[in-house]
$ cat upload_26.tsv   # TSV, N, CA and C atoms
chain	number	residue	atom	x	y	z
A	1	MET	N	6.61	59.99	146.51
A	1	MET	CA	6.35	59.05	147.58
A	1	MET	C	6.46	59.74	148.94
A	2	LEU	N	7.47	60.58	149.11
A	2	LEU	CA	7.66	61.29	150.36
A	2	LEU	C	6.49	62.22	150.62
A	3	ARG	N	6.02	62.91	149.55
A	3	ARG	CA	4.87	63.80	149.71
A	3	ARG	C	3.61	63.02	150.09
A	4	GLN	N	3.45	61.86	149.49
A	4	GLN	CA	2.29	61.03	149.78
A	4	GLN	C	2.30	60.57	151.24
A	5	THR	N	3.46	60.18	151.72
A	5	THR	CA	3.61	59.74	153.11
A	5	THR	C	3.32	60.89	154.06
A	6	ALA	N	3.85	62.07	153.75
A	6	ALA	CA	3.61	63.24	154.58
A	6	ALA	C	2.14	63.62	154.59
A	7	ALA	N	1.49	63.53	153.45
A	7	ALA	CA	0.06	63.85	153.37
A	7	ALA	C	-0.76	62.87	154.20
A	8	LEU	N	-0.42	61.58	154.13
A	8	LEU	CA	-1.13	60.58	154.92
A	8	LEU	C	-0.92	60.81	156.41
A	9	ALA	N	0.30	61.14	156.81
A	9	ALA	CA	0.59	61.41	158.22
A	9	ALA	C	-0.17	62.63	158.70
A	10	SER	N	-0.25	63.63	157.85
A	10	SER	CA	-0.98	64.85	158.20
A	10	SER	C	-2.47	64.56	158.34
A	11	ALA	N	-3.02	63.77	157.45
A	11	ALA	CA	-4.44	63.41	157.52
A	11	ALA	C	-4.72	62.59	158.78
A	12	ALA	N	-3.84	61.67	159.10
A	12	ALA	CA	-4.02	60.85	160.31
A	12	ALA	C	-3.98	61.72	161.56
A	13	ALA	N	-3.07	62.68	161.59
A	13	ALA	CA	-2.98	63.59	162.74
A	13	ALA	C	-4.25	64.43	162.86
A	14	ALA	N	-4.77	64.88	161.73
A	14	ALA	CA	-5.99	65.68	161.74
A	14	ALA	C	-7.18	64.86	162.26
A	15	LEU	N	-7.28	63.60	161.84
A	15	LEU	CA	-8.36	62.74	162.33
A	15	LEU	C	-8.23	62.48	163.83
A	16	LEU	N	-7.00	62.28	164.29
A	16	LEU	CA	-6.76	62.06	165.71
A	16	LEU	C	-7.17	63.30	166.50
A	17	MET	N	-6.81	64.48	166.00
A	17	MET	CA	-7.16	65.72	166.67
A	17	MET	C	-8.67	65.92	166.67
A	18	LEU	N	-9.33	65.62	165.57
A	18	LEU	CA	-10.78	65.75	165.48
A	18	LEU	C	-11.45	64.83	166.48
A	19	GLY	N	-10.95	63.60	166.60
A	19	GLY	CA	-11.50	62.66	167.58
A	19	GLY	C	-11.35	63.19	168.99
A	20	THR	N	-10.24	63.82	169.31
A	20	THR	CA	-10.01	64.39	170.63
A	20	THR	C	-10.98	65.54	170.90
A	21	VAL	N	-11.16	66.40	169.91
A	21	VAL	CA	-12.09	67.53	170.06
A	21	VAL	C	-13.51	67.02	170.26
A	22	GLU	N	-13.90	66.00	169.49
A	22	GLU	CA	-15.24	65.44	169.63
A	22	GLU	C	-15.42	64.81	171.01
A	23	ALA	N	-14.40	64.13	171.50
A	23	ALA	CA	-14.49	63.52	172.83
A	23	ALA	C	-14.62	64.60	173.90
A	24	GLN	N	-13.89	65.71	173.76
A	24	GLN	CA	-14.00	66.80	174.72
A	24	GLN	C	-15.39	67.43	174.65
A	25	ALA	N	-15.93	67.59	173.47
A	25	ALA	CA	-17.26	68.16	173.32
A	25	ALA	C	-18.30	67.25	173.94
A	26	ALA	N	-18.16	65.94	173.77
A	26	ALA	CA	-19.10	65.00	174.38
A	26	ALA	C	-19.02	65.07	175.89
A	27	ALA	N	-17.82	65.19	176.44
A	27	ALA	CA	-17.66	65.30	177.89
A	27	ALA	C	-18.30	66.58	178.40
A	28	ALA	N	-18.11	67.68	177.68
A	28	ALA	CA	-18.70	68.95	178.09
A	28	ALA	C	-20.22	68.88	178.02
A	29	ALA	N	-20.74	68.23	176.99
A	29	ALA	CA	-22.18	68.12	176.85
A	29	ALA	C	-22.78	67.29	177.98
A	30	SER	N	-22.08	66.28	178.43
A	30	SER	CA	-22.61	65.43	179.48
A	30	SER	C	-22.59	66.12	180.83
A	31	SER	N	-21.88	67.23	180.97
A	31	SER	CA	-21.85	67.95	182.24
A	31	SER	C	-22.98	68.97	182.35
A	32	HIS	N	-23.81	69.08	181.32
A	32	HIS	CA	-24.98	69.97	181.32
A	32	HIS	C	-24.63	71.41	181.68
A	33	GLY	N	-23.46	71.86	181.24
A	33	GLY	CA	-23.05	73.24	181.47
A	33	GLY	C	-22.50	73.48	182.86
A	34	CYS	N	-22.46	72.46	183.68
A	34	CYS	CA	-21.92	72.59	185.04
A	34	CYS	C	-20.44	72.25	184.99
A	35	PRO	N	-19.56	73.20	185.29
A	35	PRO	CA	-18.13	72.95	185.16
A	35	PRO	C	-17.64	71.81	186.06
A	36	ASP	N	-16.61	71.11	185.61
A	36	ASP	CA	-15.99	70.09	186.45
A	36	ASP	C	-15.56	70.72	187.76
A	37	GLY	N	-15.88	70.05	188.86
A	37	GLY	CA	-15.51	70.53	190.18
A	37	GLY	C	-16.54	71.43	190.83
A	38	ALA	N	-17.71	71.59	190.20
A	38	ALA	CA	-18.72	72.50	190.73
A	38	ALA	C	-20.01	71.75	191.09
A	39	PHE	N	-20.84	72.42	191.88
A	39	PHE	CA	-22.20	71.98	192.17
A	39	PHE	C	-23.12	73.03	191.56
A	40	CYS	N	-24.12	72.60	190.79
A	40	CYS	CA	-24.96	73.55	190.06
A	40	CYS	C	-26.44	73.39	190.37
A	41	ILE	N	-27.12	74.51	190.35
A	41	ILE	CA	-28.58	74.56	190.45
A	41	ILE	C	-29.07	75.26	189.18
A	42	TYR	N	-30.13	74.71	188.60
A	42	TYR	CA	-30.71	75.26	187.37
A	42	TYR	C	-32.02	75.98	187.71
A	43	PRO	N	-32.46	76.89	186.85
A	43	PRO	CA	-33.68	77.66	187.14
A	43	PRO	C	-34.90	76.76	187.34
A	44	GLU	N	-35.87	77.29	188.05
A	44	GLU	CA	-37.09	76.55	188.38
A	44	GLU	C	-37.82	76.06	187.14
A	45	ASN	N	-38.22	74.80	187.20
A	45	ASN	CA	-39.05	74.15	186.17
A	45	ASN	C	-38.46	74.19	184.77
A	46	THR	N	-37.12	74.10	184.65
A	46	THR	CA	-36.50	74.14	183.32
A	46	THR	C	-35.63	72.91	183.05
A	47	GLY	N	-35.62	71.92	183.94
A	47	GLY	CA	-34.71	70.79	183.77
A	47	GLY	C	-33.28	71.32	183.78
A	48	PHE	N	-32.50	70.90	182.79
A	48	PHE	CA	-31.12	71.39	182.69
A	48	PHE	C	-31.01	72.74	181.97
A	49	ASN	N	-32.14	73.37	181.66
A	49	ASN	CA	-32.17	74.73	181.13
A	49	ASN	C	-31.20	74.94	179.95
A	50	ASN	N	-31.25	74.03	178.99
A	50	ASN	CA	-30.34	74.10	177.83
A	50	ASN	C	-28.88	74.22	178.27
A	51	ASP	N	-28.56	73.50	179.37
A	51	ASP	CA	-27.19	73.44	179.90
A	51	ASP	C	-26.67	74.78	180.42
A	52	VAL	N	-27.57	75.60	180.99
A	52	VAL	CA	-27.18	76.88	181.58
A	52	VAL	C	-27.67	76.93	183.03
A	53	PRO	N	-26.77	76.64	184.00
A	53	PRO	CA	-27.18	76.71	185.40
A	53	PRO	C	-27.39	78.15	185.85
A	54	SER	N	-28.24	78.33	186.85
A	54	SER	CA	-28.45	79.67	187.41
A	54	SER	C	-27.51	79.94	188.58
A	55	HIS	N	-27.05	78.88	189.25
A	55	HIS	CA	-26.12	79.02	190.37
A	55	HIS	C	-25.03	77.96	190.27
A	56	VAL	N	-23.79	78.38	190.44
A	56	VAL	CA	-22.63	77.49	190.39
A	56	VAL	C	-21.82	77.71	191.66
A	57	TYR	N	-21.60	76.64	192.41
A	57	TYR	CA	-20.85	76.72	193.67
A	57	TYR	C	-19.57	75.92	193.56
A	58	TRP	N	-18.47	76.52	193.98
A	58	TRP	CA	-17.14	75.91	193.86
A	58	TRP	C	-16.49	75.60	195.20
A	59	SER	N	-16.66	76.47	196.17
A	59	SER	CA	-15.84	76.40	197.37
A	59	SER	C	-16.45	75.52	198.46
A	60	ARG	N	-15.56	74.97	199.24
A	60	ARG	CA	-15.93	74.12	200.36
A	60	ARG	C	-16.71	74.94	201.39
A	61	GLY	N	-17.66	74.29	202.07
A	61	GLY	CA	-18.37	74.95	203.16
A	61	GLY	C	-19.84	75.16	202.88
A	62	VAL	N	-20.47	75.93	203.76
A	62	VAL	CA	-21.91	76.19	203.71
A	62	VAL	C	-22.21	77.33	202.74
A	63	HIS	N	-23.17	77.11	201.88
A	63	HIS	CA	-23.66	78.14	200.95
A	63	HIS	C	-25.15	78.30	201.21
A	64	GLN	N	-25.55	79.47	201.69
A	64	GLN	CA	-26.96	79.71	201.96
A	64	GLN	C	-27.70	80.00	200.67
A	65	LEU	N	-28.90	79.46	200.57
A	65	LEU	CA	-29.76	79.69	199.41
A	65	LEU	C	-30.82	80.70	199.80
A	66	SER	N	-31.18	81.55	198.86
A	66	SER	CA	-32.29	82.47	199.11
A	66	SER	C	-33.14	82.57	197.86
A	67	ASN	N	-34.42	82.71	198.07
A	67	ASN	CA	-35.39	82.84	196.98
A	67	ASN	C	-35.33	81.68	195.99
A	68	GLN	N	-35.07	80.49	196.48
A	68	GLN	CA	-35.09	79.30	195.63
A	68	GLN	C	-36.29	78.46	196.04
A	69	HIS	N	-37.33	78.49	195.22
A	69	HIS	CA	-38.57	77.80	195.52
A	69	HIS	C	-38.95	76.93	194.34
A	70	GLY	N	-39.75	75.92	194.60
A	70	GLY	CA	-40.24	75.06	193.54
A	70	GLY	C	-39.22	74.03	193.09
A	71	ILE	N	-39.52	73.41	191.96
A	71	ILE	CA	-38.72	72.31	191.43
A	71	ILE	C	-37.54	72.84	190.60
A	72	HIS	N	-36.34	72.42	191.01
A	72	HIS	CA	-35.10	72.80	190.32
A	72	HIS	C	-34.27	71.54	190.07
A	73	MET	N	-33.58	71.51	188.96
A	73	MET	CA	-32.59	70.46	188.71
A	73	MET	C	-31.34	70.84	189.48
A	74	ILE	N	-30.74	69.86	190.16
A	74	ILE	CA	-29.44	70.06	190.80
A	74	ILE	C	-28.49	69.04	190.21
A	75	TYR	N	-27.20	69.40	190.16
A	75	TYR	CA	-26.20	68.49	189.60
A	75	TYR	C	-24.90	68.65	190.36
A	76	ASN	N	-24.44	67.56	190.96
A	76	ASN	CA	-23.16	67.56	191.67
A	76	ASN	C	-22.08	67.09	190.71
A	77	ASN	N	-21.42	68.02	190.07
A	77	ASN	CA	-20.34	67.71	189.12
A	77	ASN	C	-18.97	67.93	189.76
A	78	GLN	N	-18.92	67.81	191.09
A	78	GLN	CA	-17.64	67.93	191.79
A	78	GLN	C	-16.78	66.72	191.45
A	79	THR	N	-15.51	66.85	191.68
A	79	THR	CA	-14.56	65.78	191.38
A	79	THR	C	-13.95	65.24	192.67
A	80	ASP	N	-13.13	64.24	192.54
A	80	ASP	CA	-12.41	63.63	193.66
A	80	ASP	C	-13.33	63.14	194.78
A	81	GLY	N	-14.55	62.72	194.42
A	81	GLY	CA	-15.47	62.14	195.39
A	81	GLY	C	-16.15	63.13	196.32
A	82	TRP	N	-16.04	64.43	196.02
A	82	TRP	CA	-16.67	65.43	196.89
A	82	TRP	C	-18.18	65.26	196.87
A	83	LYS	N	-18.81	65.65	197.97
A	83	LYS	CA	-20.24	65.51	198.15
A	83	LYS	C	-20.89	66.89	198.35
A	84	ALA	N	-22.18	66.93	198.09
A	84	ALA	CA	-22.97	68.13	198.37
A	84	ALA	C	-24.07	67.72	199.33
A	85	ASP	N	-24.11	68.35	200.48
A	85	ASP	CA	-25.19	68.13	201.42
A	85	ASP	C	-26.28	69.16	201.14
A	86	ILE	N	-27.50	68.69	200.96
A	86	ILE	CA	-28.64	69.54	200.67
A	86	ILE	C	-29.39	69.68	201.99
A	87	CYS	N	-29.45	70.90	202.53
A	87	CYS	CA	-29.87	71.09	203.92
A	87	CYS	C	-31.12	71.95	204.09
A	88	VAL	N	-31.95	71.54	205.04
A	88	VAL	CA	-33.15	72.29	205.38
A	88	VAL	C	-32.77	73.56	206.14
A	89	ASN	N	-31.82	73.48	207.04
A	89	ASN	CA	-31.44	74.64	207.85
A	89	ASN	C	-30.38	75.48	207.14
A	90	SER	N	-30.40	76.78	207.39
A	90	SER	CA	-29.47	77.69	206.72
A	90	SER	C	-28.03	77.55	207.21
A	91	ASN	N	-27.82	76.86	208.33
A	91	ASN	CA	-26.47	76.69	208.85
A	91	ASN	C	-25.83	75.36	208.42
A	92	GLY	N	-26.43	74.69	207.44
A	92	GLY	CA	-25.84	73.46	206.93
A	92	GLY	C	-26.15	72.23	207.77
A	93	THR	N	-27.31	72.22	208.45
A	93	THR	CA	-27.72	71.06	209.23
A	93	THR	C	-29.07	70.55	208.72
A	94	ASN	N	-29.42	69.34	209.17
A	94	ASN	CA	-30.63	68.65	208.73
A	94	ASN	C	-30.56	68.43	207.21
A	95	CYS	N	-29.59	67.62	206.80
A	95	CYS	CA	-29.22	67.47	205.38
A	95	CYS	C	-29.39	66.04	204.88
A	96	TRP	N	-29.39	65.90	203.58
A	96	TRP	CA	-29.19	64.63	202.90
A	96	TRP	C	-28.08	64.85	201.89
A	97	THR	N	-27.39	63.79	201.50
A	97	THR	CA	-26.18	63.90	200.69
A	97	THR	C	-26.41	63.56	199.23
A	98	ALA	N	-25.89	64.42	198.36
A	98	ALA	CA	-25.84	64.17	196.92
A	98	ALA	C	-24.39	63.83	196.57
A	99	ASN	N	-24.14	62.57	196.25
A	99	ASN	CA	-22.78	62.15	195.91
A	99	ASN	C	-22.36	62.70	194.56
A	100	GLN	N	-21.09	62.59	194.27
A	100	GLN	CA	-20.53	63.04	192.99
A	100	GLN	C	-21.30	62.38	191.85
A	101	GLY	N	-21.70	63.18	190.87
A	101	GLY	CA	-22.43	62.68	189.72
A	101	GLY	C	-23.94	62.69	189.88
A	102	TYR	N	-24.43	63.02	191.07
A	102	TYR	CA	-25.87	63.03	191.32
A	102	TYR	C	-26.54	64.17	190.58
A	103	ALA	N	-27.62	63.85	189.90
A	103	ALA	CA	-28.46	64.86	189.24
A	103	ALA	C	-29.90	64.46	189.42
A	104	ASN	N	-30.74	65.43	189.79
A	104	ASN	CA	-32.15	65.14	189.98
A	104	ASN	C	-32.91	66.45	190.14
A	105	GLU	N	-34.20	66.39	189.85
A	105	GLU	CA	-35.06	67.53	190.13
A	105	GLU	C	-35.58	67.40	191.55
A	106	ILE	N	-35.47	68.48	192.33
A	106	ILE	CA	-35.94	68.46	193.71
A	106	ILE	C	-36.69	69.77	194.01
A	107	ASP	N	-37.51	69.72	195.03
A	107	ASP	CA	-38.21	70.92	195.48
A	107	ASP	C	-37.29	71.67	196.43
A	108	LEU	N	-36.85	72.85	196.03
A	108	LEU	CA	-35.95	73.64	196.86
A	108	LEU	C	-36.69	74.51	197.88
A	109	THR	N	-38.02	74.47	197.90
A	109	THR	CA	-38.77	75.32	198.82
A	109	THR	C	-38.32	75.13	200.28
A	110	PRO	N	-38.16	73.87	200.76
A	110	PRO	CA	-37.73	73.72	202.16
A	110	PRO	C	-36.21	73.75	202.35
A	111	ILE	N	-35.44	73.92	201.27
A	111	ILE	CA	-33.98	73.87	201.34
A	111	ILE	C	-33.42	75.27	201.53
A	112	ASN	N	-32.53	75.42	202.52
A	112	ASN	CA	-31.97	76.74	202.82
A	112	ASN	C	-30.46	76.82	202.72
A	113	SER	N	-29.78	75.69	202.49
A	113	SER	CA	-28.33	75.74	202.30
A	113	SER	C	-27.82	74.49	201.61
A	114	VAL	N	-26.62	74.63	201.09
A	114	VAL	CA	-25.89	73.52	200.47
A	114	VAL	C	-24.49	73.54	201.07
A	115	VAL	N	-23.98	72.36	201.44
A	115	VAL	CA	-22.64	72.26	201.99
A	115	VAL	C	-21.78	71.42	201.03
A	116	LEU	N	-20.68	71.98	200.57
A	116	LEU	CA	-19.75	71.24	199.72
A	116	LEU	C	-18.62	70.72	200.59
A	117	ARG	N	-18.30	69.42	200.43
A	117	ARG	CA	-17.29	68.82	201.29
A	117	ARG	C	-16.65	67.62	200.61
A	118	PRO	N	-15.43	67.27	201.10
A	118	PRO	CA	-14.79	66.06	200.55
A	118	PRO	C	-15.52	64.80	201.01

$ encode --input "upload_26.tsv" --output "C-alpha cells"
Amino acid sequence: MLRQTAALASAAAALLMLGTVEAQAAAAASSHGCPDGAFCIYPENTGFNNDVPSHVYWSRGVHQLSNQHGIHMIYNNQTDGWKADICVNSNGTNCWTANQGYANEIDLTPINSVVLRP
C-alpha cells in the first residue's frame, strides 16, 4: 500500500511538472523567438522567420537602424508596459509608438531609429 501511494504521488508530480514544461513551451512559442523584455525585428519578407529575429534590442534609448528596407515583422515583447517608438529620423524623432505586445509587418524603408522607453 505504501509503495502504491508513493508511486501515485510520483506520477502526479511528474504530470504536474510536464504541465509546467508545456506551459513554458507555449509561452516561449507565443513570443516568436523574441525574448521577454526585448524589441525584435525579423528579416525582410519572412514574417516571424520561424521565430528567429534578425535584430534584438534590450536597452533603453535610441537605436539607429541601418540597411533595413522593405517589409519586416516587428514585435515589442518588452515587459512592464515599456514602449518602442518607431522613428523616421535617426535621432529618435518623428515617431509613432508600438505598445507592449504590438506585432505587425511594416515598411522599414523610411524608418531610421527605434527608441525603447518606459

$ closest_residue --input "upload_26.tsv" --among "A:Ser66, A:Asn77, A:Asn50, A:Thr97" --to "A:Ile111" --atoms "all atoms listed in the file"
A:Ser66

$ residues_near_point --input "upload_26.tsv" --point "(-21.1, 66.8, 196.4)" --cutoff "9 Å" --atoms "only C-alpha atoms" --output "VMD selection string"
chain A and resid 38 to 39 75 to 79 81 to 85 97 to 102 115 to 118

$ residues_around --input "upload_26.tsv" --residues "A:Cys34" --least-positions-apart "3" --cutoff "6.5 Å" --atoms "all atoms listed in the file" --output "number ranges by chain"
A: 31, 37-38, 40, 51, 53, 77

$ closest_residue --input "upload_26.tsv" --among "A:Ser30, A:Ser54, A:Ser59, A:Ser90" --to "A:Pro110" --atoms "only C-alpha atoms"
A:Ser90

$ residues_around --input "upload_26.tsv" --residues "stretch 106-108 of chain A" --least-positions-apart "6" --cutoff "7 Å" --atoms "only C-alpha atoms" --output "ChimeraX atom specification"
/A:68-73

$ atom_distance --input "upload_26.tsv" --atom1 "atom C of A:Val88" --atom2 "atom CA of A:Asn67"
13.3 Å

$ axis_aligned_box --input "upload_26.tsv" --around "stretch 45-52 of chain A" --padding-each-side "4 Å" --output "AutoDock Vina command-line options"
--center_x -32.9 --center_y 73.9 --center_z 182.5 --size_x 20.4 --size_y 14.1 --size_z 17.4

$ decode --input "upload_26.tsv" --residues "stretch 59-77 of chain A" --atoms "N, CA, C and O atoms" --output "mmCIF file, in the first residue's frame"
data_model
loop_
_atom_site.group_PDB
_atom_site.id
_atom_site.type_symbol
_atom_site.label_atom_id
_atom_site.label_comp_id
_atom_site.auth_asym_id
_atom_site.auth_seq_id
_atom_site.Cartn_x
_atom_site.Cartn_y
_atom_site.Cartn_z
ATOM 1 N N SER A 59 18.163 47.581 -24.496
ATOM 2 C CA SER A 59 18.441 48.726 -23.637
ATOM 3 C C SER A 59 17.597 49.949 -23.983
ATOM 4 O O SER A 59 17.203 50.162 -25.133
ATOM 5 N N ARG A 60 17.368 50.726 -22.962
ATOM 6 C CA ARG A 60 16.616 51.965 -23.083
ATOM 7 C C ARG A 60 17.371 52.943 -23.992
ATOM 8 O O ARG A 60 18.587 52.973 -24.019
ATOM 9 N N GLY A 61 16.627 53.758 -24.741
ATOM 10 C CA GLY A 61 17.242 54.805 -25.538
ATOM 11 C C GLY A 61 17.080 54.606 -27.030
ATOM 12 O O GLY A 61 16.335 53.735 -27.488
ATOM 13 N N VAL A 62 17.806 55.424 -27.790
ATOM 14 C CA VAL A 62 17.724 55.437 -29.250
ATOM 15 C C VAL A 62 18.638 54.366 -29.835
ATOM 16 O O VAL A 62 19.804 54.260 -29.455
ATOM 17 N N HIS A 63 18.092 53.598 -30.756
ATOM 18 C CA HIS A 63 18.858 52.592 -31.503
ATOM 19 C C HIS A 63 18.717 52.926 -32.979
ATOM 20 O O HIS A 63 17.613 52.867 -33.527
ATOM 21 N N GLN A 64 19.819 53.291 -33.622
ATOM 22 C CA GLN A 64 19.776 53.619 -35.040
ATOM 23 C C GLN A 64 19.717 52.359 -35.874
ATOM 24 O O GLN A 64 20.376 51.359 -35.565
ATOM 25 N N LEU A 65 18.917 52.408 -36.921
ATOM 26 C CA LEU A 65 18.797 51.287 -37.852
ATOM 27 C C LEU A 65 19.587 51.623 -39.103
ATOM 28 O O LEU A 65 19.622 52.773 -39.536
ATOM 29 N N SER A 66 20.201 50.622 -39.679
ATOM 30 C CA SER A 66 20.878 50.832 -40.959
ATOM 31 C C SER A 66 20.614 49.636 -41.859
ATOM 32 O O SER A 66 20.515 48.494 -41.399
ATOM 33 N N ASN A 67 20.499 49.917 -43.133
ATOM 34 C CA ASN A 67 20.256 48.889 -44.144
ATOM 35 C C ASN A 67 19.023 48.038 -43.858
ATOM 36 O O ASN A 67 19.023 46.836 -44.133
ATOM 37 N N GLN A 68 17.992 48.654 -43.308
ATOM 38 C CA GLN A 68 16.726 47.957 -43.086
ATOM 39 C C GLN A 68 15.706 48.544 -44.054
ATOM 40 O O GLN A 68 15.241 49.667 -43.876
ATOM 41 N N HIS A 69 15.394 47.799 -45.101
ATOM 42 C CA HIS A 69 14.489 48.262 -46.141
ATOM 43 C C HIS A 69 13.407 47.227 -46.354
ATOM 44 O O HIS A 69 13.592 46.049 -46.064
ATOM 45 N N GLY A 70 12.291 47.662 -46.889
ATOM 46 C CA GLY A 70 11.208 46.750 -47.213
ATOM 47 C C GLY A 70 10.386 46.350 -45.998
ATOM 48 O O GLY A 70 10.499 46.933 -44.921
ATOM 49 N N ILE A 71 9.570 45.329 -46.189
ATOM 50 C CA ILE A 71 8.607 44.888 -45.184
ATOM 51 C C ILE A 71 9.270 43.920 -44.191
ATOM 52 O O ILE A 71 9.821 42.898 -44.579
ATOM 53 N N HIS A 72 9.192 44.293 -42.906
ATOM 54 C CA HIS A 72 9.738 43.478 -41.812
ATOM 55 C C HIS A 72 8.677 43.326 -40.732
ATOM 56 O O HIS A 72 7.916 44.257 -40.460
ATOM 57 N N MET A 73 8.654 42.183 -40.094
ATOM 58 C CA MET A 73 7.825 41.997 -38.901
ATOM 59 C C MET A 73 8.575 42.634 -37.738
ATOM 60 O O MET A 73 9.799 42.459 -37.609
ATOM 61 N N ILE A 74 7.846 43.385 -36.911
ATOM 62 C CA ILE A 74 8.421 43.899 -35.664
ATOM 63 C C ILE A 74 7.570 43.374 -34.526
ATOM 64 O O ILE A 74 6.369 43.105 -34.694
ATOM 65 N N TYR A 75 8.194 43.192 -33.365
ATOM 66 C CA TYR A 75 7.466 42.680 -32.206
ATOM 67 C C TYR A 75 8.008 43.333 -30.943
ATOM 68 O O TYR A 75 9.201 43.231 -30.642
ATOM 69 N N ASN A 76 7.133 44.025 -30.223
ATOM 70 C CA ASN A 76 7.514 44.637 -28.951
ATOM 71 C C ASN A 76 7.171 43.671 -27.829
ATOM 72 O O ASN A 76 6.035 43.636 -27.355
ATOM 73 N N ASN A 77 8.136 42.886 -27.420
ATOM 74 C CA ASN A 77 7.945 41.907 -26.344
ATOM 75 C C ASN A 77 8.548 42.421 -25.035
ATOM 76 O O ASN A 77 8.955 41.648 -24.182
#
